[in-house]
Every structure is written in structure tokens, then in C-alpha cells.
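Shown next: work19.txt, containing compact mmCIF, C-alpha atoms.
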```txt
# COMPACT_ATOMS: atom_id res chain seq x y z
CA GLN A 1002 -0.30 -16.95 -3.25
CA ALA A 1003 -3.95 -17.89 -3.19
CA THR A 1004 -6.29 -17.00 -6.01
CA ALA A 1005 -10.06 -16.73 -6.09
CA GLY A 1006 -12.79 -16.70 -8.71
CA GLY A 1007 -12.94 -17.10 -12.47
CA ALA A 1008 -11.85 -19.97 -14.66
CA ALA A 1009 -8.16 -19.32 -13.99
CA ALA A 1010 -8.56 -19.59 -10.22
CA SER A 1011 -6.35 -22.67 -10.24
CA ALA A 1012 -3.20 -20.75 -11.17
CA ALA A 1013 -0.60 -19.29 -8.84
CA VAL A 1014 2.64 -17.34 -9.03
CA LEU A 1015 5.06 -18.14 -6.22
CA GLY A 1016 8.45 -16.66 -5.36
CA SER A 1017 11.50 -18.71 -6.17
CA PRO A 1018 11.25 -22.16 -4.54
CA ALA A 1019 14.61 -21.57 -2.84
CA ALA A 1020 13.04 -18.64 -0.99
CA LEU A 1021 10.07 -20.64 0.31
CA PHE A 1022 11.34 -22.03 3.58
CA ALA A 1023 8.25 -23.25 5.44
CA PRO A 1024 8.19 -27.06 5.67
CA HIS A 1025 4.53 -27.22 4.64
CA THR A 1026 5.32 -25.13 1.54
CA ARG A 1027 8.04 -27.54 0.46
CA ALA A 1028 5.69 -30.51 0.98
CA LEU A 1029 2.89 -28.80 -0.95
CA LEU A 1030 5.21 -27.92 -3.82
CA ALA A 1031 6.57 -31.47 -3.94
CA HIS A 1032 3.01 -32.76 -4.18
CA LEU A 1033 1.99 -30.28 -6.90
CA LEU A 1034 5.19 -30.71 -8.93
CA GLY A 1035 4.66 -34.48 -8.95
CA ARG A 1036 1.17 -34.25 -10.48
CA SER A 1037 0.67 -34.71 -14.20
CA ASP A 1038 -2.31 -32.31 -14.22
CA VAL A 1039 -0.31 -29.32 -12.94
CA TRP A 1040 1.49 -27.20 -15.53
CA VAL A 1041 4.78 -25.77 -14.24
CA GLY A 1042 6.77 -22.85 -15.60
CA GLU A 1043 9.10 -20.08 -14.53
CA ALA A 1044 8.57 -16.36 -14.97
CA ARG A 1045 11.90 -14.55 -15.01
CA ASN A 1046 12.86 -10.90 -15.24
CA ALA A 1047 16.51 -10.01 -15.70
CA TRP A 1048 18.27 -6.67 -15.43
CA GLY A 1049 21.92 -7.27 -16.20
CA GLU A 1050 23.24 -9.56 -13.46
CA ASP A 1051 20.19 -9.01 -11.25
CA TYR A 1052 17.06 -11.05 -11.73
CA GLU A 1053 13.78 -12.04 -10.17
CA GLU A 1054 12.04 -15.33 -10.81
CA SER A 1055 8.82 -16.95 -9.74
CA LEU A 1056 7.38 -20.41 -10.09
CA VAL A 1057 4.13 -20.54 -12.05
CA LEU A 1058 1.69 -23.37 -11.39
CA ALA A 1059 -1.54 -23.79 -13.32
CA ARG A 1060 -4.18 -26.38 -14.10
CA ASP A 1061 -4.74 -24.76 -17.48
CA PRO A 1062 -1.47 -24.75 -19.46
CA SER A 1063 -2.58 -21.75 -21.54
CA ALA A 1064 -3.06 -19.66 -18.37
CA GLY A 1065 0.35 -20.76 -17.10
CA ARG A 1066 2.05 -19.91 -20.38
CA LYS A 1067 0.34 -16.51 -20.38
CA LEU A 1068 1.65 -15.75 -16.87
CA VAL A 1069 5.17 -16.72 -17.99
CA GLU A 1070 4.80 -14.58 -21.13
CA LEU A 1071 3.75 -11.65 -18.92
CA ARG A 1072 6.73 -12.37 -16.62
CA ALA A 1073 4.32 -12.31 -13.67
CA GLN A 1074 5.97 -12.08 -10.26
CA ASP A 1075 4.54 -12.69 -6.81
CA ALA A 1076 5.84 -9.51 -5.21
CA SER A 1077 6.59 -6.94 -7.88
CA VAL A 1078 5.58 -5.52 -11.23
CA PRO A 1079 8.17 -5.71 -14.03
CA ALA A 1080 9.24 -2.30 -15.31
CA GLN A 1081 6.44 -0.51 -17.16
CA PRO A 1082 6.95 2.82 -18.98
CA ASP A 1083 4.06 4.72 -17.34
CA GLU A 1084 1.23 4.43 -14.79
CA THR A 1085 -1.42 3.51 -17.36
CA THR A 1086 0.67 0.64 -18.76
CA LYS A 1087 1.49 -0.50 -15.22
CA ALA A 1088 -2.19 -0.51 -14.22
CA ARG A 1089 -3.14 -2.42 -17.37
CA TYR A 1090 -0.41 -4.97 -16.69
CA ILE A 1091 -1.55 -5.49 -13.09
CA ALA A 1092 -5.16 -5.86 -14.24
CA GLU A 1093 -4.23 -8.42 -16.90
CA VAL A 1094 -2.18 -10.56 -14.51
CA GLY A 1095 -4.95 -10.27 -11.91
CA ARG A 1096 -7.48 -11.44 -14.47
CA VAL A 1097 -5.39 -14.45 -15.55
CA LEU A 1098 -4.97 -15.39 -11.87
CA GLY A 1099 -8.71 -15.09 -11.35
CA TYR A 1100 -8.80 -12.33 -8.74
CA PRO A 1101 -12.14 -10.52 -8.35
CA ARG A 1102 -12.44 -7.16 -10.14
CA ALA A 1103 -12.87 -5.24 -6.87
CA ASP A 1104 -9.67 -6.75 -5.42
CA VAL A 1105 -7.64 -5.89 -8.52
CA ALA A 1106 -9.03 -2.33 -8.56
CA ARG A 1107 -8.23 -1.90 -4.86
CA TYR A 1108 -4.70 -3.27 -5.32
CA ILE A 1109 -4.02 -0.83 -8.15
CA ALA A 1110 -5.59 2.23 -6.52
CA GLU A 1111 -4.48 1.70 -2.93
CA GLU A 1112 -1.18 -0.17 -3.07
CA MET A 1113 0.49 0.19 -6.44
CA ILE A 1114 -0.64 3.50 -7.96
CA PRO A 1115 -2.45 5.54 -5.29
CA GLY A 1116 -5.04 7.81 -6.84
CA PHE A 1117 -4.89 6.23 -10.30
CA ALA A 1118 -7.91 7.59 -12.17
CA SER A 1119 -8.39 5.23 -15.13
CA LEU A 1120 -9.20 2.01 -13.26
CA ASP A 1121 -12.17 1.05 -15.41
CA ASP A 1122 -10.09 1.41 -18.58
CA ALA A 1123 -7.35 -0.84 -17.19
CA LEU A 1124 -9.83 -3.46 -15.96
CA ASP A 1125 -11.88 -3.45 -19.17
CA ARG A 1126 -8.73 -3.74 -21.27
CA ALA A 1127 -7.61 -6.73 -19.19
CA VAL A 1128 -10.91 -8.49 -19.90
CA ALA A 1129 -10.50 -7.86 -23.64
CA LEU A 1130 -6.87 -9.08 -23.73
CA VAL A 1131 -7.50 -12.20 -21.68
CA SER A 1132 -10.63 -13.02 -23.67
CA ARG A 1133 -8.63 -12.72 -26.88
CA ASP A 1134 -5.65 -14.74 -25.62
CA LEU A 1135 -7.28 -17.37 -23.39
CA GLY A 1136 -10.99 -17.30 -24.19
CA PRO A 1137 -14.04 -15.69 -22.61
CA GLU A 1138 -14.23 -18.22 -19.77
CA HIS A 1139 -11.02 -16.70 -18.36
CA ALA A 1140 -12.00 -13.10 -18.96
CA ARG A 1141 -15.01 -12.59 -16.72
CA PHE A 1142 -14.24 -10.84 -13.46
CA VAL A 1143 -16.18 -12.19 -10.49
```

Rewrite the coordinates I just gave you, this time as C-alpha cells.
Amino acid sequence: QATAGGAAASAAVLGSPAALFAPHTRALLAHLLGRSDVWVGEARNAWGEDYEESLVLARDPSAGRKLVELRAQDASVPAQPDETTKARYIAEVGRVLGYPRADVARYIAEEMIPGFASLDDALDRAVALVSRDLGPEHARFV
């Protein structure tokens, strides 16, 4: 999953390595996993016997740890109790990954929660949380 913009632009959340079959993906992962300047972690969500896991790669270890703490996934949003919490979660993960504000807003409003009305609140809250947890250089949306 490519990221763009912001200080955390060199972080990615990828589906389980076993599910990434393309030969170039395996070669790229082997290269990245062999580098000392790439932080590696696993974000895992479990529901009884079922689970979902993603590989987290980051240049900045604090951004990588934050993505693992958030249990960020490449294709889903872990269970959230309501639409506002879900939107805030998506905005925070998007901010840590470095996605532009407009892309995060569009993803929330068009793909995840069609018609969601409190986009600015979710996006502003993400900036505040990421600034607090990782520093202001990570918090600015492009």
C-alpha cells in the first residue's frame, strides 16, 4: 500500500506476507526486511479463532509502533462502536500513514461511511492525537 505526504509517508501497512503472492512483492519485502533502517511490526486483530493480521513497515519506529497499537489493517477497520469513532479511527490511521487530508476525507465519506457529516471533526481530532503521540511533524495533513 503506497503512502503519500507528511513526515510519516515512509510507513506502510501490508496484508499478511503469506497472502502477498506476486514475485516482485516477495523480493521487495525481502529487501525491506533485511534493512536495519526499516522498523517491522505486526498489527493483529483477533475475534475468537478468527483473526486478521498485517505487516507494518516504517522508517520511524514511533510511527510503526503507533500503527501496531491502533491495530491498523490494509483492507479493513477493526470494530468500532459507532460511525463517529470509526471515522476518527480512519482519520488517525490515515494521518500516521501520511495520506493527504482530502484523500482521507474522501475515503471516509465515499467508501467507508457514505454521507458522514462530521468529517472536519474526525480529521481535526486525528491531527491533535497524532501531534500528541508522535509530534507535530507527523500531524500536518498535506

Return the single residue from A:Leu1098, A:Gln1081, A:Asp1051, A:Arg1045 that is closest to Ala1012 of chain A, with distances computed using all atoms listed in the file. A:Leu1098

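As for atom CA of Ala1123 of chain A and atom CA of Lys1087 of chain A, they are spaced 9.1 Å apart.
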
For Glu1093 of chain A, please output as a ChimeraX atom specification all residues within 12 Å (counting all atoms listed in the file; exclusion window: fewer than 4 positions along the same chain). /A:1009,1064,1067-1068,1070-1073,1078,1086-1089,1097-1102,1105-1106,1109,1122-1135,1139-1142

My list of candidates is A:Asn1046, A:Ala1092, A:Arg1066, A:Ala1013. Which is closest to Ala1080 of chain A when distances are computed with all atoms listed in the file? A:Asn1046

Restricting the calculation to only C-alpha atoms: of A:Arg1060, A:Gly1049, A:Ile1114, A:Glu1138, which residue gets closest to Arg1096 of chain A? A:Glu1138

Kindly compute an axis-aligned box around the listed atoms of segment 1125-1136 of chain A, allowing 4 Å on each side, and express its centre and edge lengths in Å to one decimal as lines of an AutoDock Vina configuration file.
```
center_x = -8.8
center_y = -10.4
center_z = -23.0
size_x = 14.2
size_y = 21.9
size_z = 15.7
```

Non-local contacts of Trp1040 of chain A (8 Å; only C-alpha atoms; under 5 positions in same chain excluded) as a PyMOL selection string: chain A and resi 1057-1062+1065

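Here the question is which of A:Val1014, A:His1032, A:Ser1077, A:Asp1038 gets nearest to Ser1055 of chain A using all atoms listed in the file, and that residue is A:Val1014.
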
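Here atom CA of Ala1031 of chain A and atom CA of Gly1016 of chain A stand 15.0 Å from one another.
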
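In this structure, atom CA of Gly1042 of chain A sits 18.3 Å away from atom CA of Ala1028 of chain A.
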